[in-house]
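Text of the file target_6.cif, holding mmCIF, C-alpha atoms and all ligand atoms:
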```cif
data_entry
#
loop_
_atom_site.label_atom_id
_atom_site.label_comp_id
_atom_site.auth_asym_id
_atom_site.auth_seq_id
_atom_site.Cartn_x
_atom_site.Cartn_y
_atom_site.Cartn_z
CA MET A 4 0.00 0.00 0.00
CA GLU A 5 2.91 2.30 0.78
CA SER A 6 3.89 2.32 -2.87
CA PHE A 7 0.43 3.49 -3.95
CA LYS A 8 0.48 6.09 -1.19
CA ASN A 9 3.81 7.38 -2.44
CA LEU A 10 2.25 8.04 -5.82
CA GLY A 11 -0.18 10.43 -4.15
CA VAL A 12 -3.22 8.16 -3.91
CA ILE A 13 -5.60 9.33 -1.18
CA GLU A 14 -6.92 7.23 1.72
CA PRO A 15 -10.38 6.25 0.39
CA VAL A 16 -8.89 5.03 -2.89
CA LEU A 17 -6.09 3.24 -1.03
CA ARG A 18 -8.73 1.35 0.95
CA SER A 19 -10.46 0.13 -2.20
CA ILE A 20 -7.09 -0.86 -3.70
CA ASN A 21 -6.47 -2.80 -0.52
CA ASP A 22 -9.84 -4.53 -0.88
CA ALA A 23 -8.94 -5.43 -4.45
CA LYS A 24 -5.73 -6.99 -3.05
CA PHE A 25 -3.43 -5.15 -5.44
CA GLU A 26 -0.01 -5.35 -3.83
CA SER A 27 1.91 -2.84 -5.88
CA PRO A 28 1.22 -0.40 -8.70
CA SER A 29 1.52 -1.65 -12.26
CA GLU A 30 4.06 0.07 -14.51
CA ILE A 31 1.52 2.37 -16.12
CA GLN A 32 0.11 3.29 -12.71
CA GLU A 33 3.54 4.08 -11.36
CA LYS A 34 4.38 6.27 -14.34
CA SER A 35 1.07 8.04 -14.87
CA ILE A 36 -0.70 8.44 -11.52
CA PRO A 37 1.57 11.23 -10.18
CA LEU A 38 1.17 13.19 -13.44
CA ILE A 39 -2.57 12.63 -13.52
CA ILE A 40 -2.98 13.73 -9.91
CA ALA A 41 -0.90 16.82 -10.66
CA GLY A 42 -3.50 17.75 -13.28
CA LYS A 43 -1.27 17.25 -16.35
CA ASP A 44 -2.52 16.15 -19.74
CA VAL A 45 -1.17 12.66 -20.33
CA ILE A 46 -0.83 10.38 -23.35
CA ALA A 47 -0.38 6.85 -22.12
CA GLY A 48 0.71 4.05 -24.41
CA SER A 49 -0.85 1.09 -22.73
CA ALA A 50 -3.53 -1.45 -23.43
CA THR A 51 -6.04 -3.55 -21.58
CA GLY A 52 -4.47 -5.52 -18.80
CA SER A 53 -1.98 -2.80 -17.94
CA GLY A 54 -4.06 -1.42 -15.07
CA LYS A 55 -4.91 1.81 -16.91
CA THR A 56 -8.44 2.02 -15.47
CA LEU A 57 -7.14 2.50 -11.96
CA ALA A 58 -4.60 5.01 -13.32
CA PHE A 59 -7.19 7.39 -14.74
CA GLY A 60 -9.77 6.29 -12.15
CA THR A 61 -7.57 7.58 -9.32
CA GLY A 62 -7.40 10.98 -10.99
CA ILE A 63 -11.15 11.12 -11.56
CA ILE A 64 -12.09 9.99 -8.06
CA GLN A 65 -9.64 12.34 -6.40
CA SER A 66 -10.75 15.40 -8.35
CA SER A 67 -14.53 14.79 -8.40
CA GLU A 68 -17.09 15.36 -5.66
CA LYS A 69 -20.54 13.85 -5.39
CA GLY A 70 -23.41 16.14 -6.37
CA LYS A 71 -21.34 18.80 -8.12
CA GLY A 72 -22.49 18.01 -11.68
CA LEU A 73 -20.84 16.00 -14.41
CA GLN A 74 -17.13 16.39 -13.70
CA ALA A 75 -15.54 13.52 -15.62
CA LEU A 76 -16.30 12.02 -19.01
CA VAL A 77 -14.64 8.81 -20.19
CA LEU A 78 -15.07 7.93 -23.86
CA VAL A 79 -14.66 4.25 -24.75
CA PRO A 80 -15.09 2.36 -28.04
CA THR A 81 -17.53 -0.37 -27.03
CA ARG A 82 -20.56 -0.93 -24.86
CA GLU A 83 -18.91 -3.76 -22.94
CA LEU A 84 -15.95 -1.57 -22.13
CA ALA A 85 -18.32 1.17 -20.94
CA GLU A 86 -19.93 -1.27 -18.49
CA GLN A 87 -16.58 -2.64 -17.39
CA VAL A 88 -14.95 0.74 -16.81
CA ALA A 89 -18.01 2.14 -14.99
CA LYS A 90 -18.03 -0.92 -12.74
CA ALA A 91 -14.30 -0.64 -12.01
CA LEU A 92 -14.63 3.09 -11.21
CA SER A 93 -17.57 2.34 -8.88
CA ASN A 94 -15.45 -0.23 -7.07
CA PHE A 95 -12.48 2.09 -6.73
CA SER A 96 -14.75 4.88 -5.43
CA LYS A 97 -16.66 2.85 -2.89
CA TYR A 98 -15.15 4.78 0.03
CA LYS A 99 -15.71 8.10 -1.74
CA PRO A 100 -19.04 7.36 -3.41
CA MET A 101 -20.21 9.30 -6.43
CA GLY A 102 -22.68 8.84 -9.26
CA ILE A 103 -20.92 6.85 -11.98
CA ILE A 104 -22.93 5.66 -14.97
CA ALA A 105 -22.36 3.85 -18.26
CA VAL A 106 -24.04 5.35 -21.31
CA TYR A 107 -24.13 3.49 -24.63
CA GLY A 108 -26.39 2.72 -27.56
CA GLY A 109 -28.48 -0.36 -28.20
CA VAL A 110 -30.47 0.11 -24.99
CA GLY A 111 -33.30 2.48 -23.99
CA ILE A 112 -32.31 6.14 -23.71
CA ASN A 113 -34.84 7.21 -21.06
CA PRO A 114 -33.27 5.46 -18.05
CA GLN A 115 -29.96 7.07 -19.08
CA ILE A 116 -31.58 10.52 -19.26
CA GLN A 117 -32.88 9.98 -15.75
CA LYS A 118 -29.50 8.96 -14.37
CA LEU A 119 -27.62 11.68 -16.25
CA ARG A 120 -29.40 14.31 -14.14
CA THR A 121 -27.35 13.38 -11.09
CA ALA A 122 -24.28 11.73 -12.60
CA ASP A 123 -20.85 12.90 -11.49
CA VAL A 124 -18.90 10.62 -13.84
CA VAL A 125 -20.07 9.30 -17.22
CA VAL A 126 -18.42 6.47 -19.14
CA GLY A 127 -19.84 6.30 -22.64
CA THR A 128 -19.53 5.38 -26.28
CA PRO A 129 -19.24 8.35 -28.66
CA GLY A 130 -22.47 7.76 -30.63
CA ARG A 131 -24.77 7.74 -27.63
CA ILE A 132 -22.99 10.64 -25.95
CA LEU A 133 -23.56 12.70 -29.11
CA ASP A 134 -27.17 11.64 -29.05
CA HIS A 135 -27.51 12.99 -25.51
CA ILE A 136 -25.71 16.20 -26.51
CA ALA A 137 -28.21 16.67 -29.35
CA ARG A 138 -31.12 16.12 -26.97
CA ASN A 139 -29.58 18.41 -24.40
CA THR A 140 -29.75 15.65 -21.83
CA ILE A 141 -26.06 15.76 -20.96
CA ARG A 142 -24.33 18.92 -19.71
CA LEU A 143 -20.60 18.97 -20.33
CA GLY A 144 -19.98 22.49 -19.02
CA LYS A 145 -18.51 21.31 -15.70
CA VAL A 146 -16.29 18.54 -17.07
CA LYS A 147 -12.85 18.80 -15.47
CA THR A 148 -11.41 15.50 -16.67
CA LEU A 149 -11.87 14.02 -20.14
CA VAL A 150 -10.51 10.52 -20.73
CA LEU A 151 -10.16 8.97 -24.18
CA ASP A 152 -9.80 5.29 -23.46
CA GLU A 153 -8.52 2.98 -26.21
CA ALA A 154 -8.24 5.98 -28.50
CA ASP A 155 -6.69 3.99 -31.36
CA ARG A 156 -9.60 1.58 -31.27
CA MET A 157 -12.13 4.40 -31.31
CA PHE A 158 -10.43 5.78 -34.40
CA ASP A 159 -10.27 2.33 -36.05
CA MET A 160 -14.00 2.04 -35.48
CA GLY A 161 -14.64 5.30 -37.27
CA PHE A 162 -15.41 7.43 -34.20
CA LYS A 163 -12.72 10.05 -34.87
CA ASP A 164 -15.07 12.85 -35.92
CA ASP A 165 -17.55 11.98 -33.18
CA VAL A 166 -14.79 12.08 -30.57
CA GLU A 167 -13.62 15.47 -31.81
CA ARG A 168 -17.15 16.86 -31.76
CA ILE A 169 -17.52 15.75 -28.16
CA ILE A 170 -14.14 17.20 -27.19
CA ARG A 171 -15.20 20.58 -28.60
CA LYS A 172 -18.27 20.52 -26.35
CA CYS A 173 -16.12 20.15 -23.23
CA PRO A 174 -14.71 23.21 -21.46
CA GLN A 175 -11.28 24.40 -22.70
CA GLU A 176 -10.13 24.49 -19.11
CA ARG A 177 -9.91 20.74 -18.45
CA GLN A 178 -7.51 17.86 -18.10
CA THR A 179 -7.35 15.43 -21.02
CA LEU A 180 -6.01 11.91 -20.58
CA LEU A 181 -5.52 9.73 -23.63
CA PHE A 182 -4.93 5.99 -23.38
CA SER A 183 -4.04 4.02 -26.48
CA ALA A 184 -2.39 0.66 -27.19
CA THR A 185 -0.64 2.17 -30.19
CA ILE A 186 0.34 5.80 -30.66
CA THR A 187 -0.88 6.22 -34.24
CA LYS A 188 -0.72 9.32 -36.44
CA ASP A 189 -4.36 10.05 -35.63
CA VAL A 190 -3.59 9.87 -31.92
CA VAL A 191 -0.72 12.33 -32.33
CA ARG A 192 -2.86 14.66 -34.47
CA LEU A 193 -5.68 14.64 -31.96
CA SER A 194 -3.35 15.28 -29.05
CA ARG A 195 -1.79 18.25 -30.88
CA ALA A 196 -5.21 19.72 -31.55
CA HIS A 197 -6.86 19.12 -28.21
CA MET A 198 -4.32 18.58 -25.45
CA LYS A 199 -2.19 21.02 -23.47
CA GLN A 200 1.52 20.16 -23.42
CA PRO A 201 0.76 16.49 -22.94
CA LEU A 202 3.32 14.30 -21.24
CA GLN A 203 3.78 10.89 -22.78
CA VAL A 204 4.29 7.72 -20.79
CA SER A 205 4.33 4.19 -22.09
CA VAL A 206 4.88 0.66 -20.94
CA GLU A 207 7.00 -1.74 -22.92
CA SER A 208 4.61 -4.55 -23.45
CA PHE A 209 1.28 -5.55 -22.09
CA VAL A 210 1.72 -9.29 -22.30
CA ASP A 211 4.45 -10.97 -20.34
CA PRO A 212 6.39 -12.82 -23.05
CA LYS A 213 7.85 -15.18 -20.48
CA LYS A 214 4.38 -16.28 -19.42
CA LEU A 215 2.86 -16.55 -22.86
CA VAL A 216 3.47 -19.51 -25.15
CA GLN A 217 2.47 -18.96 -28.78
CA THR A 218 2.07 -21.91 -31.10
CA TYR A 219 0.53 -22.75 -34.44
CA TYR A 220 -0.85 -25.81 -36.18
CA ASP A 221 -0.84 -26.09 -39.93
CA VAL A 222 -3.90 -28.09 -40.87
CA GLY A 223 -6.13 -28.76 -43.88
CA GLU A 224 -9.19 -26.55 -43.95
CA ASP A 225 -11.43 -29.61 -43.66
CA MET A 226 -9.79 -30.61 -40.35
CA LYS A 227 -9.64 -27.17 -38.78
CA PHE A 228 -12.81 -27.54 -36.75
CA SER A 229 -11.91 -31.09 -35.66
CA LEU A 230 -8.55 -29.85 -34.42
CA LEU A 231 -10.19 -27.04 -32.47
CA VAL A 232 -12.53 -29.50 -30.75
CA HIS A 233 -9.64 -31.85 -30.02
CA LEU A 234 -7.57 -29.09 -28.44
CA LEU A 235 -10.48 -27.69 -26.44
CA LYS A 236 -11.09 -31.14 -25.03
CA HIS A 237 -7.46 -32.02 -24.35
CA GLU A 238 -5.75 -28.79 -23.30
CA ASP A 239 -5.74 -28.12 -19.59
CA SER A 240 -7.57 -24.81 -19.66
CA ASN A 241 -9.54 -22.33 -17.65
CA LEU A 242 -11.50 -19.70 -19.60
CA VAL A 243 -10.95 -19.87 -23.34
CA MET A 244 -11.47 -17.31 -26.10
CA VAL A 245 -11.76 -18.45 -29.72
CA PHE A 246 -11.37 -15.62 -32.22
CA CYS A 247 -13.00 -15.56 -35.64
CA ASN A 248 -12.88 -12.80 -38.22
CA THR A 249 -16.59 -12.57 -38.98
CA LYS A 250 -19.86 -12.62 -37.07
CA ARG A 251 -21.02 -15.43 -39.32
CA ASN A 252 -18.07 -17.65 -38.56
CA THR A 253 -18.36 -16.84 -34.85
CA ASP A 254 -21.95 -18.09 -34.80
CA LYS A 255 -21.13 -21.16 -36.85
CA VAL A 256 -18.15 -22.19 -34.77
CA ALA A 257 -20.03 -21.71 -31.48
CA LYS A 258 -23.02 -23.66 -32.76
CA ASN A 259 -20.90 -26.53 -34.01
CA LEU A 260 -18.92 -26.63 -30.78
CA ARG A 261 -22.18 -27.10 -28.93
CA PHE A 262 -23.07 -29.95 -31.31
CA ALA A 263 -19.68 -31.41 -30.41
CA ASP A 264 -20.52 -31.16 -26.67
CA VAL A 265 -18.33 -28.15 -25.97
CA ASP A 266 -20.17 -25.54 -23.88
CA ALA A 267 -19.48 -22.53 -26.11
CA MET A 268 -21.14 -19.15 -26.58
CA ALA A 269 -20.77 -16.66 -29.41
CA ILE A 270 -20.45 -12.91 -28.89
CA HIS A 271 -20.30 -10.29 -31.61
CA GLY A 272 -21.60 -6.84 -32.39
CA GLY A 273 -24.70 -8.21 -34.13
CA LEU A 274 -26.29 -9.38 -30.87
CA PRO A 275 -28.64 -7.19 -28.84
CA GLN A 276 -26.96 -5.54 -25.88
CA GLY A 277 -28.93 -7.45 -23.24
CA LYS A 278 -27.79 -10.72 -24.72
CA ARG A 279 -24.17 -9.56 -24.90
CA ASN A 280 -24.29 -8.60 -21.22
CA ASN A 281 -25.75 -12.00 -20.27
CA ILE A 282 -23.10 -13.83 -22.24
CA MET A 283 -20.31 -11.83 -20.62
CA GLU A 284 -21.84 -12.46 -17.21
CA ARG A 285 -21.88 -16.22 -17.83
CA PHE A 286 -18.34 -16.20 -19.14
CA HIS A 287 -17.01 -14.08 -16.26
CA SER A 288 -18.61 -16.37 -13.73
CA GLY A 289 -17.11 -19.43 -15.44
CA LYS A 290 -20.57 -20.92 -16.09
CA SER A 291 -19.58 -21.28 -19.70
CA CYS A 292 -15.90 -21.52 -20.42
CA VAL A 293 -15.51 -21.08 -24.17
CA LEU A 294 -16.27 -17.71 -25.71
CA VAL A 295 -16.21 -17.53 -29.50
CA CYS A 296 -15.85 -13.89 -30.47
CA THR A 297 -15.01 -11.24 -32.99
CA ASP A 298 -12.37 -8.61 -32.30
CA VAL A 299 -14.92 -5.84 -31.84
CA ALA A 300 -16.84 -7.70 -29.16
CA ALA A 301 -13.74 -8.73 -27.26
CA ARG A 302 -11.63 -5.65 -27.44
CA GLY A 303 -10.87 -4.01 -24.13
CA LEU A 304 -12.73 -6.51 -21.99
CA ASP A 305 -11.01 -7.42 -18.81
CA ILE A 306 -11.44 -11.12 -18.16
CA PRO A 307 -8.73 -12.17 -15.75
CA ASP A 308 -8.73 -15.96 -16.01
CA VAL A 309 -8.33 -16.51 -19.73
CA SER A 310 -5.79 -19.33 -20.06
CA HIS A 311 -6.08 -19.93 -23.81
CA VAL A 312 -6.63 -17.74 -26.83
CA TYR A 313 -7.32 -19.57 -30.09
CA ASN A 314 -7.10 -17.85 -33.42
CA TYR A 315 -9.51 -19.91 -35.48
CA ASP A 316 -9.13 -17.28 -38.16
CA ILE A 317 -5.90 -15.30 -38.28
CA PRO A 318 -6.73 -11.59 -38.04
CA ARG A 319 -6.63 -9.53 -41.20
CA GLU A 320 -4.87 -6.71 -39.40
CA SER A 321 -1.69 -7.79 -37.75
CA LYS A 322 -1.95 -5.45 -34.76
CA GLN A 323 -5.21 -7.23 -33.95
CA TYR A 324 -3.11 -10.31 -33.23
CA ILE A 325 -1.41 -8.46 -30.39
CA HIS A 326 -4.75 -7.36 -28.98
CA ARG A 327 -6.02 -10.93 -29.11
CA ILE A 328 -3.05 -12.57 -27.42
CA GLY A 329 -3.12 -9.80 -24.81
CA ARG A 330 -6.28 -11.42 -23.42
CA THR A 331 -4.16 -14.07 -21.73
CA ALA A 332 -0.95 -14.25 -19.65
CA ARG A 333 -2.14 -11.32 -17.57
CA ALA A 334 -1.44 -10.30 -14.02
CA GLY A 335 1.37 -12.85 -13.73
CA ALA A 336 -0.67 -15.84 -14.93
CA ASP A 337 0.47 -18.28 -17.64
CA GLY A 338 -1.24 -18.22 -21.00
CA LYS A 339 -1.26 -19.91 -24.34
CA ALA A 340 -2.09 -18.48 -27.75
CA ILE A 341 -2.83 -21.17 -30.33
CA ASN A 342 -3.14 -20.39 -34.03
CA ILE A 343 -5.02 -22.86 -36.19
CA LEU A 344 -3.88 -22.21 -39.73
CA SER A 345 -5.09 -23.52 -43.01
CA SER A 346 -3.79 -22.26 -46.32
CA LYS A 347 -6.25 -19.40 -46.45
CA ASP A 348 -4.68 -17.97 -43.27
CA TYR A 349 -1.12 -18.00 -44.59
CA ASP A 350 -1.11 -14.46 -45.95
CA ASN A 351 -2.53 -12.98 -42.77
CA PHE A 352 -0.19 -15.02 -40.61
CA SER A 353 2.87 -13.99 -42.62
CA GLN A 354 1.82 -10.40 -42.11
CA VAL A 355 1.40 -10.93 -38.35
CA LEU A 356 4.91 -12.35 -38.12
CA LYS A 357 6.40 -9.65 -40.30
CA GLU A 358 4.88 -6.73 -38.42
CA ASN A 359 5.06 -8.00 -34.84
CA ASN A 360 8.01 -9.13 -32.86
CA VAL A 361 6.50 -12.42 -31.73
CA GLU A 362 7.84 -15.93 -31.40
CA VAL A 363 5.44 -18.59 -32.58
CA MET A 364 6.38 -22.24 -32.49
CA GLU A 365 4.96 -24.92 -34.72
CA GLU A 366 3.19 -27.80 -33.02
CA LYS A 367 2.89 -31.29 -34.44
CA LEU A 368 -0.64 -32.28 -35.38
CA PRO A 369 -2.12 -34.70 -32.89
CA VAL A 370 -4.10 -37.75 -33.95
CA ILE A 371 -7.60 -36.41 -34.37
CA ASN A 372 -10.94 -37.77 -35.44
CA LYS A 373 -12.73 -35.86 -38.10
CA ILE A 374 -15.85 -34.28 -36.72
CA ALA A 375 -18.54 -33.61 -39.24
CA ALA A 376 -19.18 -29.94 -38.60
CA ARG A 377 -22.65 -28.81 -39.57
CA MET A 378 -21.20 -25.76 -41.16
CA PRO A 379 -19.64 -25.66 -44.57
CA GLU A 380 -15.87 -25.76 -44.36
CA GLY A 381 -13.32 -25.04 -47.04
CA LYS A 382 -12.69 -27.33 -49.90
CA GLY A 383 -10.03 -29.50 -48.39
CA ASN A 384 -6.88 -27.42 -48.65
CA LYS A 385 -3.85 -29.37 -47.62
CA PRO A 386 -1.22 -28.21 -45.17
CA GLY A 387 1.62 -26.52 -46.94
CA GLU A 388 -0.46 -25.02 -49.69
CA GLY A 389 -0.67 -21.28 -50.14
CA ARG A 390 2.02 -18.65 -49.75
CA MET A 391 3.32 -18.48 -46.23
CA ASN A 392 6.65 -16.94 -45.55
CA LYS A 393 7.78 -19.03 -42.63
CA SER A 394 11.08 -17.28 -42.06
CA ASN A 395 10.02 -15.75 -38.74
CA ILE A 396 8.53 -18.90 -37.33
CA ARG A 397 10.49 -20.72 -34.68
CA ARG A 398 10.18 -24.45 -34.70
CA SER A 399 9.43 -25.83 -31.28
CA PRO A 400 12.47 -27.60 -29.82
CA ARG A 401 10.08 -30.41 -28.96
CA ASN A 402 8.97 -30.74 -32.55
CA ASN A 403 12.04 -30.56 -34.62
CA ASN A 404 11.05 -33.65 -36.58
CA ARG A 405 9.29 -33.34 -39.85
CA ARG A 406 5.63 -33.15 -39.35
CA ARG A 407 3.69 -36.25 -40.24
CA ARG A 408 0.23 -36.28 -41.71
CA LEU A 409 -1.79 -38.19 -39.18
CA TYR A 410 -5.16 -38.19 -40.80
P1 LIG A 501 -7.11 -2.62 -16.92
O1 LIG A 501 -5.89 -2.53 -17.75
O2 LIG A 501 -7.46 -1.36 -16.25
O3 LIG A 501 -8.26 -3.22 -17.70
O4 LIG A 501 -6.80 -3.64 -15.72
C1 LIG A 501 -6.49 -4.98 -15.93
C2 LIG A 501 -6.66 -5.85 -14.70
O5 LIG A 501 -5.60 -5.64 -13.78
C3 LIG A 501 -7.95 -5.60 -13.92
O6 LIG A 501 -8.50 -6.86 -13.57
C4 LIG A 501 -7.50 -4.88 -12.69
O7 LIG A 501 -8.36 -5.14 -11.61
C5 LIG A 501 -6.12 -5.45 -12.46
N1 LIG A 501 -5.19 -4.52 -11.81
C6 LIG A 501 -5.13 -3.17 -11.96
N2 LIG A 501 -4.12 -2.67 -11.22
C7 LIG A 501 -3.52 -3.71 -10.61
C8 LIG A 501 -2.42 -3.83 -9.70
N3 LIG A 501 -1.73 -2.76 -9.32
N4 LIG A 501 -2.10 -5.07 -9.26
C9 LIG A 501 -2.80 -6.15 -9.67
N5 LIG A 501 -3.85 -6.12 -10.51
C10 LIG A 501 -4.21 -4.91 -10.98
#
```
Show me the file's structure as structure tokens.
Amino acid sequence: MESFKNLGVIEPVLRSINDAKFESPSEIQEKSIPLIIAGKDVIAGSATGSGKTLAFGTGIIQSSEKGKGLQALVLVPTRELAEQVAKALSNFSKYKPMGIIAVYGGVGINPQIQKLRTADVVVGTPGRILDHIARNTIRLGKVKTLVLDEADRMFDMGFKDDVERIIRKCPQERQTLLFSATITKDVVRLSRAHMKQPLQVSVESFVDPKKLVQTYYDVGEDMKFSLLVHLLKHEDSNLVMVFCNTKRNTDKVAKNLRFADVDAMAIHGGLPQGKRNNIMERFHSGKSCVLVCTDVAARGLDIPDVSHVYNYDIPRESKQYIHRIGRTARAGADGKAINILSSKDYDNFSQVLKENNVEVMEEKLPVINKIAARMPEGKGNKPGEGRMNKSNIRRSPRNNNRRRRLY
């Protein structure tokens, strides 16, 4: 606790940190909390899992007072992240209570209008915040702290103009905190336009490379699903996330996993919000242990016990790979990222290896039974087809032998 105290964290927040059993500040907390408390504008290069919520949360809780109007606005890219951040801020402020609400689209606006009347802190997605601005149901005139959380993601999702419109509605005299996994050109441009002499802090990496094992299997398209089922049934795992590139594939894979007796759920942006919340609740509580998801649905969510991340499709954008594997090996736990490649993934995978400094080892295919998936699979591509540049791939020391076809 001393170490948090030394950063300038006040007693009520220290008590909640104690309740959360955090022993020492994370790197981003250590670097940013003193600047945030001092009222500086800060650009923080850090992603989910780094402890950034407590970093900006400390600043918000320490500078806001209950009943004094809307004093802090946190913009986030997704609805799930809005819920998660609002919940975390409520926990951290339990000994200095204040009105903290999540505001996002896809749910009724009237209950939000009601709660906005007394809110001290709002965590919201840009679209719905703009909606409230247009209806005059949110007053930004007293905002002292503006947080842009996962700024790069908000820009990727096309919210750049919306974010700028909201910033312009906030008072000039304010503190702006920007958190982003990658400091892109857009991030730099926005900070130049809207921040006051921002100080930049960053943390090296948000996954512990020593704790994360990354592997890949090279398999024919027609055996991809069977291999996934085999691994899900044989790997010693806790919570598991299976990433697909499309909503359609996400649904298909989850459905077929259930046919194969794997308790899986699908989550993607096409589902109604209530359903997404229920699914996340079930996953968090461990009632269902396999979550099949798209990048959009999963981004930014804090799920501590994810032991395995599967890439059933390799992401089209290579930085997405880093976001996906960052779901595991967090807070000192071990994690495994398993890539299931068929020839149609080779191009994307080559790109991932070229653009990221990652070590991925090849695993030998186990003996697997073909499972007749009730979804159409590819037309039987064989391993080794396609155009993969394997120069960056490390062969596992365990698997130096030539791979054998076992099916
Ligand atoms: P965040 O990056 O804010 O999403 O936080 C990631 C996870 O780390 C959350 O589950 C936090 O509760 C947890 N966390 C935040 N700060 C610390 C800390 N200093 N020590 C241990 N866990 C932490």
Find the residues around Thr128 in chain A up to 12 Å (all atoms listed in the file counted), leave out those fewer than 6 positions away in its own chain, and share them as a CSV table (one decimal) with C-alpha atoms, in the coordinates of the input.
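The new file around-v1.csv reads:
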```csv
chain,number,residue,atom,x,y,z
A,76,LEU,CA,-16.3,12.0,-19.0
A,77,VAL,CA,-14.6,8.8,-20.2
A,78,LEU,CA,-15.1,7.9,-23.9
A,79,VAL,CA,-14.7,4.2,-24.8
A,80,PRO,CA,-15.1,2.4,-28.0
A,81,THR,CA,-17.5,-0.4,-27.0
A,82,ARG,CA,-20.6,-0.9,-24.9
A,83,GLU,CA,-18.9,-3.8,-22.9
A,84,LEU,CA,-16.0,-1.6,-22.1
A,85,ALA,CA,-18.3,1.2,-20.9
A,86,GLU,CA,-19.9,-1.3,-18.5
A,88,VAL,CA,-15.0,0.7,-16.8
A,89,ALA,CA,-18.0,2.1,-15.0
A,104,ILE,CA,-22.9,5.7,-15.0
A,105,ALA,CA,-22.4,3.8,-18.3
A,106,VAL,CA,-24.0,5.4,-21.3
A,107,TYR,CA,-24.1,3.5,-24.6
A,108,GLY,CA,-26.4,2.7,-27.6
A,109,GLY,CA,-28.5,-0.4,-28.2
A,134,ASP,CA,-27.2,11.6,-29.0
A,135,HIS,CA,-27.5,13.0,-25.5
A,150,VAL,CA,-10.5,10.5,-20.7
A,151,LEU,CA,-10.2,9.0,-24.2
A,152,ASP,CA,-9.8,5.3,-23.5
A,153,GLU,CA,-8.5,3.0,-26.2
A,154,ALA,CA,-8.2,6.0,-28.5
A,156,ARG,CA,-9.6,1.6,-31.3
A,157,MET,CA,-12.1,4.4,-31.3
A,160,MET,CA,-14.0,2.0,-35.5
A,162,PHE,CA,-15.4,7.4,-34.2
A,163,LYS,CA,-12.7,10.0,-34.9
A,165,ASP,CA,-17.6,12.0,-33.2
A,166,VAL,CA,-14.8,12.1,-30.6
A,169,ILE,CA,-17.5,15.8,-28.2
```
Between CA of Ser67 in chain A and CA of Pro307 in chain A, distance in Å (one decimal):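 Interatomic distance, CA of Ser67 in chain A to CA of Pro307 in chain A: 28.5 Å.
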One-decimal distance in Å that lies between CA of Asp266 in chain A and CA of Leu242 in chain A: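 Computing it gives 11.3 Å between the two atoms.
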Once you count only C-alpha atoms and all ligand atoms, which residues end up within 6 Å of ligand LIG 501 (chain A), and could you hand them over as a JSON list (two decimals) with C-alpha atoms, in the coordinates of the input?
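New file selection-v8.json:
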```
[["chain", "number", "residue", "atom", "x", "y", "z"],
["A", 25, "PHE", "CA", -3.43, -5.15, -5.44],
["A", 26, "GLU", "CA", -0.01, -5.35, -3.83],
["A", 27, "SER", "CA", 1.91, -2.84, -5.88],
["A", 28, "PRO", "CA", 1.22, -0.40, -8.70],
["A", 29, "SER", "CA", 1.52, -1.65, -12.26],
["A", 51, "THR", "CA", -6.04, -3.55, -21.58],
["A", 52, "GLY", "CA", -4.47, -5.52, -18.80],
["A", 53, "SER", "CA", -1.98, -2.80, -17.94],
["A", 54, "GLY", "CA", -4.06, -1.42, -15.07],
["A", 55, "LYS", "CA", -4.91, 1.81, -16.91],
["A", 56, "THR", "CA", -8.44, 2.02, -15.47],
["A", 57, "LEU", "CA", -7.14, 2.50, -11.96],
["A", 305, "ASP", "CA", -11.01, -7.42, -18.81],
["A", 307, "PRO", "CA", -8.73, -12.17, -15.75],
["A", 334, "ALA", "CA", -1.44, -10.30, -14.02]]
```
Given only C-alpha atoms as the counted atoms, nearest of A:Lys199, A:Lys147, A:His326, A:Lys43 to Ile64 in chain A: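 Of all the options, A:Lys147 lies closest to Ile64 in chain A.
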Atom pair CA of Asp225 in chain A / CA of Asn351 in chain A: separation (Å):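 CA of Asn351 in chain A lies at a distance of 18.9 Å from CA of Asp225 in chain A.
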Nearest-residue call for Gly60 in chain A, choices A:Val232, A:Ala75, A:Met283, A:Ala23, using only C-alpha atoms: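 Among A:Val232, A:Ala75, A:Met283, A:Ala23, it is A:Ala75 that comes nearest to Gly60 in chain A.
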Which residue of A:Asn342, A:Ser321, A:Gln117, A:Asn280 approaches Asp221 in chain A most closely, using only C-alpha atoms: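 Among the listed residues, A:Asn342 lies closest to Asp221 in chain A.
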